[in-house]
Each structure stands twice: as structure tokens, then as C-alpha cells.
$ cat my_file_23.txt   # compact mmCIF, C-alpha atoms and all ligand atoms
# COMPACT_ATOMS: atom_id res chain seq x y z
CA MET A 280 -33.74 3.09 5.34
CA LYS A 281 -35.20 1.58 2.22
CA ASN A 282 -34.56 -2.05 3.25
CA GLN A 283 -32.99 -3.80 6.19
CA ALA A 284 -29.50 -2.43 5.61
CA PRO A 285 -26.63 -4.87 5.30
CA ILE A 286 -23.38 -3.96 7.00
CA GLY A 287 -20.58 -1.92 5.44
CA GLN A 288 -22.35 -0.19 2.57
CA ILE A 289 -20.34 2.70 1.14
CA ILE A 290 -22.03 6.02 0.41
CA ASP A 291 -20.12 7.05 -2.71
CA GLY A 292 -19.85 10.85 -2.76
CA VAL A 293 -18.36 10.86 -6.24
CA ALA A 294 -21.23 8.88 -7.78
CA LEU A 295 -23.88 10.88 -5.89
CA SER A 296 -22.19 14.13 -6.96
CA GLN A 297 -22.27 13.03 -10.59
CA ALA A 298 -26.00 12.36 -10.39
CA LEU A 299 -26.67 15.71 -8.71
CA ARG A 300 -24.42 17.55 -11.17
CA ALA A 301 -26.40 16.12 -14.10
CA ASP A 302 -29.48 17.72 -12.55
CA ILE A 303 -27.58 20.98 -11.97
CA ALA A 304 -26.52 21.02 -15.63
CA SER A 305 -30.08 20.57 -16.87
CA ARG A 306 -31.49 23.24 -14.51
CA THR A 307 -28.69 25.54 -15.71
CA GLN A 308 -29.78 24.92 -19.31
CA ALA A 309 -33.33 25.88 -18.37
CA LEU A 310 -32.09 29.19 -16.96
CA LEU A 311 -29.88 29.78 -19.99
CA ALA A 312 -32.94 29.39 -22.19
CA ARG A 313 -34.37 32.35 -20.24
CA GLY A 314 -31.19 34.36 -20.77
CA ILE A 315 -29.76 33.88 -17.27
CA LYS A 316 -26.39 32.21 -16.76
CA PRO A 317 -25.78 31.34 -13.09
CA GLY A 318 -22.49 32.94 -12.05
CA LEU A 319 -20.12 32.26 -9.16
CA ALA A 320 -17.27 34.57 -8.14
CA VAL A 321 -14.49 32.95 -6.15
CA ILE A 322 -11.99 35.22 -4.40
CA LEU A 323 -8.65 33.94 -3.22
CA VAL A 324 -6.30 36.17 -1.24
CA GLY A 325 -2.76 34.87 -0.88
CA GLU A 326 -0.94 31.74 -1.93
CA ASN A 327 -2.18 29.02 0.45
CA PRO A 328 -1.51 25.84 -1.60
CA ALA A 329 -4.56 23.92 -0.30
CA SER A 330 -6.78 26.93 -1.02
CA GLN A 331 -5.40 27.14 -4.56
CA VAL A 332 -6.49 23.52 -5.17
CA TYR A 333 -9.93 24.12 -3.63
CA VAL A 334 -10.68 27.23 -5.71
CA ARG A 335 -9.46 25.54 -8.90
CA ASN A 336 -11.78 22.59 -8.25
CA LYS A 337 -14.72 24.89 -7.56
CA VAL A 338 -14.20 26.87 -10.76
CA ARG A 339 -13.75 23.70 -12.82
CA ALA A 340 -16.94 22.19 -11.36
CA CYS A 341 -18.84 25.35 -12.40
CA GLN A 342 -17.51 25.10 -15.93
CA ASP A 343 -18.36 21.39 -16.17
CA CYS A 344 -22.00 22.14 -15.28
CA GLY A 345 -22.32 25.16 -17.60
CA LEU A 346 -22.21 27.84 -14.89
CA HIS A 347 -20.32 31.09 -15.35
CA SER A 348 -17.41 31.42 -12.94
CA VAL A 349 -14.87 34.09 -12.16
CA LEU A 350 -11.73 33.40 -10.16
CA GLU A 351 -10.12 36.48 -8.62
CA LYS A 352 -6.66 35.88 -7.23
CA HIS A 353 -5.25 38.65 -5.10
CA ASP A 354 -1.87 39.25 -3.56
CA ALA A 355 -1.53 38.26 0.13
CA ARG A 356 -0.87 41.94 0.91
CA MET A 357 -4.31 43.00 -0.35
CA THR A 358 -5.87 45.32 2.23
CA GLU A 359 -9.12 44.55 3.99
CA ALA A 360 -10.61 47.74 2.53
CA ASP A 361 -9.72 46.65 -1.02
CA LEU A 362 -11.22 43.22 -0.45
CA LEU A 363 -14.44 44.75 0.93
CA ALA A 364 -14.57 47.02 -2.12
CA ARG A 365 -14.28 44.00 -4.44
CA ILE A 366 -17.09 42.25 -2.58
CA ASP A 367 -19.22 45.37 -2.86
CA ALA A 368 -18.63 45.45 -6.63
CA LEU A 369 -19.60 41.79 -6.96
CA ASN A 370 -22.67 42.33 -4.78
CA ASN A 371 -23.80 44.80 -7.44
CA ASP A 372 -22.78 42.73 -10.47
CA PRO A 373 -25.90 41.15 -12.03
CA SER A 374 -23.84 38.45 -13.79
CA ILE A 375 -22.75 37.10 -10.39
CA HIS A 376 -25.27 35.17 -8.29
CA GLY A 377 -22.91 33.66 -5.74
CA ILE A 378 -19.80 35.03 -4.00
CA LEU A 379 -17.30 32.92 -2.14
CA VAL A 380 -14.21 34.16 -0.36
CA GLN A 381 -11.89 31.21 0.17
CA LEU A 382 -10.91 30.89 3.82
CA PRO A 383 -8.57 31.32 5.55
CA VAL A 384 -7.81 34.91 4.59
CA PRO A 385 -4.45 36.44 5.66
CA ALA A 386 -4.22 37.39 9.33
CA HIS A 387 -4.49 41.16 8.73
CA ILE A 388 -7.99 40.68 7.26
CA ASN A 389 -10.99 40.16 9.55
CA ALA A 390 -12.73 37.07 8.14
CA SER A 391 -16.04 37.82 9.90
CA LYS A 392 -16.14 41.30 8.44
CA VAL A 393 -15.50 39.85 4.98
CA ILE A 394 -18.25 37.23 5.30
CA GLU A 395 -20.76 39.79 6.57
CA ALA A 396 -19.94 42.04 3.59
CA ILE A 397 -21.32 39.48 1.15
CA ALA A 398 -24.94 40.16 0.21
CA PRO A 399 -27.05 37.43 1.90
CA ALA A 400 -28.76 36.76 -1.46
CA LYS A 401 -25.32 35.82 -2.86
CA ASP A 402 -23.98 34.00 0.22
CA VAL A 403 -23.67 30.59 -1.44
CA ASP A 404 -21.20 29.34 1.19
CA GLY A 405 -23.96 29.90 3.77
CA PHE A 406 -21.58 31.47 6.30
CA HIS A 407 -23.27 34.90 6.61
CA ILE A 408 -25.00 35.54 9.91
CA ALA A 409 -28.27 35.97 7.95
CA SER A 410 -27.84 32.48 6.49
CA ALA A 411 -27.07 31.06 9.93
CA GLY A 412 -30.17 32.77 11.33
CA ALA A 413 -32.31 31.46 8.48
CA LEU A 414 -31.13 27.92 9.12
CA MET A 415 -31.76 28.25 12.83
CA THR A 416 -35.29 29.55 12.37
CA GLY A 417 -36.20 27.29 9.43
CA MET A 418 -36.48 30.20 6.99
CA PRO A 419 -35.31 30.01 3.36
CA GLY A 420 -31.60 30.75 3.00
CA PHE A 421 -28.39 29.11 1.93
CA TRP A 422 -27.18 26.11 3.90
CA PRO A 423 -23.42 25.63 4.41
CA CYS A 424 -22.27 23.26 1.70
CA THR A 425 -20.57 20.50 3.73
CA PRO A 426 -23.44 19.69 6.13
CA TYR A 427 -25.90 20.22 3.26
CA GLY A 428 -23.96 17.57 1.32
CA CYS A 429 -24.22 15.25 4.32
CA MET A 430 -28.00 15.70 4.33
CA LYS A 431 -28.10 14.78 0.63
CA MET A 432 -26.10 11.65 1.40
CA LEU A 433 -28.60 10.62 4.08
CA GLU A 434 -31.45 11.32 1.65
CA SER A 435 -29.74 9.13 -0.97
CA ILE A 436 -29.91 6.09 1.31
CA GLY A 437 -33.45 6.86 2.42
CA PHE A 438 -32.37 7.37 6.03
CA GLU A 439 -35.41 8.49 8.04
CA LEU A 440 -34.13 10.90 10.68
CA LYS A 441 -37.34 11.29 12.65
CA GLY A 442 -36.87 9.86 16.11
CA LYS A 443 -33.26 8.81 15.50
CA HIS A 444 -30.40 9.78 17.77
CA ALA A 445 -27.72 11.68 15.86
CA VAL A 446 -24.37 12.42 17.46
CA VAL A 447 -22.42 15.24 15.80
CA ILE A 448 -18.78 15.45 16.83
CA GLY A 449 -17.49 18.99 16.28
CA ARG A 450 -19.25 22.35 16.73
CA SER A 451 -17.68 24.68 14.19
CA ASN A 452 -19.83 27.33 12.55
CA ILE A 453 -19.24 25.83 9.11
CA VAL A 454 -19.80 22.12 9.82
CA GLY A 455 -20.81 20.90 13.29
CA LYS A 456 -23.37 23.51 14.36
CA PRO A 457 -25.21 23.78 11.02
CA MET A 458 -25.14 19.98 10.73
CA ALA A 459 -26.84 19.67 14.10
CA LEU A 460 -29.50 22.25 13.13
CA MET A 461 -30.25 20.47 9.84
CA LEU A 462 -30.66 17.14 11.63
CA LEU A 463 -32.86 18.78 14.27
CA GLN A 464 -35.00 20.28 11.53
CA LYS A 465 -35.60 16.72 10.29
CA ASN A 466 -36.72 15.67 13.78
CA ALA A 467 -33.64 13.76 14.87
CA THR A 468 -32.65 13.93 18.52
CA VAL A 469 -29.25 15.58 18.34
CA THR A 470 -26.26 15.45 20.65
CA ILE A 471 -23.41 17.84 19.87
CA CYS A 472 -19.95 16.84 21.09
CA HIS A 473 -16.75 18.86 21.24
CA SER A 474 -13.31 18.88 22.81
CA GLY A 475 -14.83 19.30 26.28
CA THR A 476 -17.20 16.35 25.94
CA GLN A 477 -16.63 13.65 28.52
CA ASN A 478 -17.19 9.97 27.73
CA LEU A 479 -17.62 10.49 23.99
CA LYS A 480 -17.83 6.74 23.51
CA ASP A 481 -20.87 6.45 25.84
CA LEU A 482 -22.68 8.92 23.58
CA THR A 483 -21.60 7.53 20.20
CA LEU A 484 -22.61 4.01 21.28
CA GLN A 485 -26.19 5.31 21.58
CA ALA A 486 -26.14 6.89 18.12
CA ASP A 487 -28.11 5.78 15.08
CA LEU A 488 -26.08 8.35 13.13
CA ILE A 489 -22.59 9.65 13.82
CA VAL A 490 -21.20 12.67 11.99
CA ALA A 491 -17.50 13.16 12.68
CA ALA A 492 -16.26 16.69 11.94
CA VAL A 493 -13.18 17.14 14.09
CA GLY A 494 -10.01 17.05 12.01
CA LYS A 495 -8.21 14.31 13.97
CA ARG A 496 -7.55 10.75 12.88
CA ASN A 497 -9.31 7.87 14.66
CA VAL A 498 -11.68 10.04 16.70
CA VAL A 499 -14.24 7.34 15.96
CA THR A 500 -13.15 3.72 16.27
CA ALA A 501 -15.10 0.47 15.97
CA ASP A 502 -15.61 0.09 19.73
CA MET A 503 -17.52 3.43 19.69
CA VAL A 504 -20.13 2.44 17.09
CA LYS A 505 -23.47 0.70 17.59
CA PRO A 506 -23.94 -2.10 15.04
CA GLY A 507 -26.04 -0.85 12.11
CA ALA A 508 -25.37 2.86 12.74
CA VAL A 509 -24.74 5.24 9.82
CA VAL A 510 -21.37 7.00 9.95
CA LEU A 511 -20.53 10.15 7.99
CA ASP A 512 -16.88 11.21 8.03
CA VAL A 513 -16.29 14.90 7.32
CA GLY A 514 -12.69 14.98 8.58
CA MET A 515 -9.74 15.54 6.28
CA ASN A 516 -6.43 14.46 7.73
CA ARG A 517 -3.19 12.82 6.65
CA ASN A 518 -2.06 9.49 8.04
CA PRO A 519 1.64 8.95 8.90
CA GLU A 520 2.22 7.77 5.30
CA GLY A 521 0.84 11.09 4.04
CA LYS A 522 -2.36 9.57 2.66
CA LEU A 523 -5.63 11.50 2.96
CA CYS A 524 -7.90 10.06 5.66
CA GLY A 525 -10.87 11.08 7.76
CA ASP A 526 -11.71 11.15 11.47
CA VAL A 527 -13.10 7.61 11.42
CA ASP A 528 -11.15 4.36 11.51
CA PHE A 529 -12.72 3.33 8.22
CA ALA A 530 -11.53 -0.30 8.09
CA GLY A 531 -12.73 -1.08 11.60
CA VAL A 532 -15.99 0.88 11.57
CA LYS A 533 -17.00 -0.47 8.14
CA GLU A 534 -17.44 -3.90 9.78
CA LEU A 535 -20.20 -2.50 12.04
CA ALA A 536 -21.83 0.47 10.31
CA SER A 537 -24.75 -0.05 7.95
CA TYR A 538 -23.52 2.85 5.81
CA ILE A 539 -20.25 4.73 5.93
CA THR A 540 -18.61 7.47 3.86
CA PRO A 541 -15.01 7.00 2.70
CA VAL A 542 -12.26 9.63 2.72
CA PRO A 543 -11.42 10.52 0.01
CA GLY A 544 -14.50 10.12 -2.18
CA GLY A 545 -17.18 10.79 0.44
CA VAL A 546 -18.26 14.12 1.86
CA GLY A 547 -15.51 16.11 0.04
CA PRO A 548 -16.96 15.93 -3.49
CA MET A 549 -20.43 16.66 -2.10
CA THR A 550 -19.25 19.98 -0.66
CA ILE A 551 -18.42 21.38 -4.10
CA THR A 552 -21.62 19.96 -5.57
CA MET A 553 -23.72 21.74 -2.97
CA LEU A 554 -21.88 24.99 -3.74
CA LEU A 555 -23.10 24.59 -7.32
CA VAL A 556 -26.62 23.84 -6.07
CA ASN A 557 -26.60 26.99 -3.93
CA THR A 558 -25.31 29.12 -6.82
CA LEU A 559 -27.95 27.72 -9.13
CA GLU A 560 -30.65 28.36 -6.52
CA ALA A 561 -29.41 31.94 -6.10
CA ALA A 562 -29.81 32.45 -9.85
CA GLU A 563 -33.22 30.74 -9.86
CA ARG A 564 -34.39 33.09 -7.10
CA VAL A 565 -33.32 36.08 -9.22
CA ALA A 566 -35.11 34.55 -12.23
CA SER A 567 -38.30 34.07 -10.22
CA GLN A 568 -38.29 37.78 -9.33
CA HIS A 569 -38.25 38.65 -13.06
CA PRO A 570 -40.65 36.15 -14.62
P1 LIG B 1 -12.72 23.08 13.47
O1 LIG B 1 -13.29 24.44 13.28
O2 LIG B 1 -11.30 22.91 13.86
O3 LIG B 1 -13.65 22.33 14.54
C1 LIG B 1 -13.29 21.09 15.05
C2 LIG B 1 -14.27 20.71 16.13
O4 LIG B 1 -13.85 19.45 16.69
C3 LIG B 1 -14.31 21.69 17.30
O5 LIG B 1 -15.67 21.95 17.64
C4 LIG B 1 -13.59 20.97 18.43
O6 LIG B 1 -14.12 21.25 19.71
C5 LIG B 1 -13.91 19.54 18.10
N1 LIG B 1 -12.92 18.61 18.67
C6 LIG B 1 -11.58 18.71 18.68
N2 LIG B 1 -11.02 17.64 19.30
C7 LIG B 1 -12.04 16.87 19.69
C8 LIG B 1 -12.13 15.62 20.37
N3 LIG B 1 -11.02 14.97 20.75
N4 LIG B 1 -13.34 15.09 20.62
C9 LIG B 1 -14.46 15.72 20.23
N5 LIG B 1 -14.44 16.90 19.56
C10 LIG B 1 -13.25 17.46 19.29
O7 LIG B 1 -12.90 22.20 12.15
P2 LIG B 1 -14.01 22.25 10.98
O8 LIG B 1 -13.75 23.41 10.11
O9 LIG B 1 -15.36 22.02 11.54
O10 LIG B 1 -13.55 20.94 10.18
C11 LIG B 1 -13.55 19.68 10.79
C12 LIG B 1 -12.89 18.71 9.86
O11 LIG B 1 -13.65 18.62 8.67
C13 LIG B 1 -11.48 19.10 9.40
O12 LIG B 1 -10.72 17.93 9.21
C14 LIG B 1 -11.72 19.76 8.07
O13 LIG B 1 -10.60 19.69 7.22
C15 LIG B 1 -12.85 18.93 7.54
N6 LIG B 1 -13.68 19.59 6.55
C16 LIG B 1 -13.96 18.89 5.45
C17 LIG B 1 -14.75 19.42 4.49
C18 LIG B 1 -15.06 18.63 3.27
O14 LIG B 1 -15.52 19.17 2.30
N7 LIG B 1 -14.84 17.30 3.31
C19 LIG B 1 -15.27 20.72 4.64
C20 LIG B 1 -15.01 21.40 5.83
C21 LIG B 1 -14.20 20.83 6.78
P3 LIG B 1 -14.02 22.71 20.40
O15 LIG B 1 -15.12 23.51 19.75
O16 LIG B 1 -14.28 22.45 21.82
O17 LIG B 1 -12.67 23.25 20.09
$ encode --input "my_file_23.txt" --output "C-alpha cells"
Amino acid sequence: MKNQAPIGQIIDGVALSQALRADIASRTQALLARGIKPGLAVILVGENPASQVYVRNKVRACQDCGLHSVLEKHDARMTEADLLARIDALNNDPSIHGILVQLPVPAHINASKVIEAIAPAKDVDGFHIASAGALMTGMPGFWPCTPYGCMKMLESIGFELKGKHAVVIGRSNIVGKPMALMLLQKNATVTICHSGTQNLKDLTLQADLIVAAVGKRNVVTADMVKPGAVVLDVGMNRNPEGKLCGDVDFAGVKELASYITPVPGGVGPMTITMLLVNTLEAAERVASQHP
């Protein structure tokens, strides 16, 4: 870290997002000057209320930064074949540089098949098996937006990962596993925990960095945190009063952690920002092929 860190510093995902989005907007202008407008297509199948909010926020963020965006809303009864045909059309649409299918899709549609249908060059969510393979082998590709946002947060506080012990709680394909790979790539020593992990507290107490990505309140409490550790909270839950909260007991852990992310206002805004970064990078890669 830049200086000896005091305790309880907040990593503000809203402020960091604003700074990154200013950079996205200026890089977008540079592409526009060359006649290329970065474009994101967002596909929503069905009426899931949370998904409706997410896709609206993604499209609005694109517009705010000067990117082209298309929101396709389809009926929940859309067939898998029709969805694959739409993806194929977007794969071949030169005005679209990034394609995102909002998950979950209805049960009659195979989500893996849908993700694998997206051209890897347009896989700005970073969920395609080619993107996962690229991350694992350290090749260029698109990183999943949520763990990528976490890496940007660590960068923003000057956290040197080399030689540090990072404990990632959660091993999903979209957060926990890619998070662990990104930290490993930066030479952290990584422990991955999951529902079968025994003595979680013994592990977290050894951690210089804890990333909680579980989806359960109070998975990380103050007695589980080494003083001065950095704590990133990916979780999105509701407390009994219906208020949005993370996986970490924020009030308690803030008294021990050097840096901590709040929920809301932490990792969440960064996820959308990194989607914009990936879309912009997809367009920049196309531009570099046609100098
Ligand atoms: P997920 O697919 O449900 O994975 C949860 C992981 O937590 C699993 O690996 C599970 O282990 C593990 N787990 C469950 N109970 C545990 C326990 N008691 N101790 C240790 N590990 C435990 O969830 P996800 O998609 O990764 O999302 C995780 C959370 O992040 C959710 O709250 C989600 O809403 C949130 N999220 C936020 C953003 C954002 O932008 N802020 C983006 C994505 C996700 P097993 O593998 O053994 O089942």
C-alpha cells in the first residue's frame, strides 16, 4: 500500500467508477474520431425484475460514456434456437463489439450453450470458455467484470499482491474462480474457500486480503479478520429490514480492516464500469486490425 494504512478506509466504488468512466468517455471519443463507435448489445429474455434493473443500468452507463448500446428484450417463451440465431446475427454485426446475455435465462434455455455461442472477440462478460482459458493461461482475453473490478479497486489503493495471502470465499465461474486466477497472476498466494471448507475462520485469520463472494450475510465477521487486512465484499443480500447488504459484517470488520468495500457503493458499480471497459477494448481491438 502507498503508506502505512490507517484502519477502516472505505474503497468507494462509485467514485472510482466515475474516474474510470471519464477515461472510458475520452477513449470512446478517440475511437469516434476514427469513425468507430463502440457498441454493446444486451439481450434480456423474460421478465425477471432484478435483471430488468441490471440491463437498464448497463444500457444507461453505455449512453453516459458515449457508447452505442442496443437492448433487446424478448418474451420468456423465446426458443433457444431463436436466441442462438439472434446471437449469430449480432456476432456478424460490425456495429456491435460486445454481446451480453443477461443471466439467468429461462429454464428451457441452456445457458452454457448460449454463452458459448457468443463470438469470443465479443464476449465482454468474459464468461465464454475461451475467455476462461485465456485468463487461466495468461493470454489476452476478456476478464469477467466483477473480479476485474475488484482488481481495479486493489490497484486504486496501491495494494501490492506479490507475496500476500489472499483468501477468496466462493468458487463460482463468474466471481470466485476468476478472482482467484487474477490474484494468482499478480503473485498472491491464493486460498479458495467454498461451502465444503472446514475452519473458514482459521484461513481468513491468515489473510492479507479477503474477497467474499458467497451471497450470504455475515459470512465474514470481525473475529475472522486479521487487523490491517483488506476486505472486498462482492455479496449482494438483503438484511431482515430489506436493506441491501453484503457478505461481510461491515460495521464490525471496518474497525479492523485497513480497507473495506461497502455494499451498496462498492464492487457493484465497478462491475458495470468494467463491462464498459471490456466493450471499449473490444472496439479498440477491431480498430487496431484496421489502422
Ligand atoms: P454462487 O454461484 O451462488 O456461488 C457462491 C459460492 O459461495 C459457492 O462457491 C459456494 O460454495 C460458496 N459458499 C456458499 N456458502 C458458503 C459458506 N458458508 N462458506 C463458504 N463458501 C460458501 O454466487 P456468485 O454468482 O459467485 O455470487 C456471489 C455473490 O456475489 C452473490 O451475493 C451475488 O449476488 C453477488 N454478485 C455481485 C456482483 C456485483 O456486481 N456486486 C456480481 C456478481 C455476483 P459451493 O461451490 O461449494 O457451493
$ residues_near_ligand --input "my_file_23.txt" --ligand "ligand LIG 1 (chain B)" --cutoff "6 Å" --atoms "only C-alpha atoms and all ligand atoms" --output "JSON list (two decimals) with C-alpha atoms, in the frame of the given file"
[["chain", "number", "residue", "atom", "x", "y", "z"],
["A", 425, "THR", "CA", -20.57, 20.50, 3.73],
["A", 448, "ILE", "CA", -18.78, 15.45, 16.83],
["A", 449, "GLY", "CA", -17.49, 18.99, 16.28],
["A", 450, "ARG", "CA", -19.25, 22.35, 16.73],
["A", 451, "SER", "CA", -17.68, 24.68, 14.19],
["A", 453, "ILE", "CA", -19.24, 25.83, 9.11],
["A", 454, "VAL", "CA", -19.80, 22.12, 9.82],
["A", 455, "GLY", "CA", -20.81, 20.90, 13.29],
["A", 472, "CYS", "CA", -19.95, 16.84, 21.09],
["A", 473, "HIS", "CA", -16.75, 18.86, 21.24],
["A", 474, "SER", "CA", -13.31, 18.88, 22.81],
["A", 475, "GLY", "CA", -14.83, 19.30, 26.28],
["A", 492, "ALA", "CA", -16.26, 16.69, 11.94],
["A", 493, "VAL", "CA", -13.18, 17.14, 14.09],
["A", 494, "GLY", "CA", -10.01, 17.05, 12.01],
["A", 513, "VAL", "CA", -16.29, 14.90, 7.32],
["A", 514, "GLY", "CA", -12.69, 14.98, 8.58],
["A", 515, "MET", "CA", -9.74, 15.54, 6.28],
["A", 516, "ASN", "CA", -6.43, 14.46, 7.73],
["A", 546, "VAL", "CA", -18.26, 14.12, 1.86],
["A", 547, "GLY", "CA", -15.51, 16.11, 0.04],
["A", 550, "THR", "CA", -19.25, 19.98, -0.66]]
$ closest_residue --input "my_file_23.txt" --among "A:Met458, A:Val504, A:Leu433, A:Val446" --to "Ile289 of chain A" --atoms "only C-alpha atoms"
A:Leu433
$ atom_distance --input "my_file_23.txt" --atom1 "atom CA of Leu488 of chain A" --atom2 "atom CA of Val510 of chain A"
5.8 Å
$ closest_residue --input "my_file_23.txt" --among "A:Leu535, A:Val324, A:Gln342, A:Ala467" --to "Leu484 of chain A" --atoms "only C-alpha atoms"
A:Leu535
$ closest_residue --input "my_file_23.txt" --among "A:Thr540, A:Glu359, A:Ala409, A:Ala364" --to "Ala390 of chain A" --atoms "only C-alpha atoms"
A:Glu359
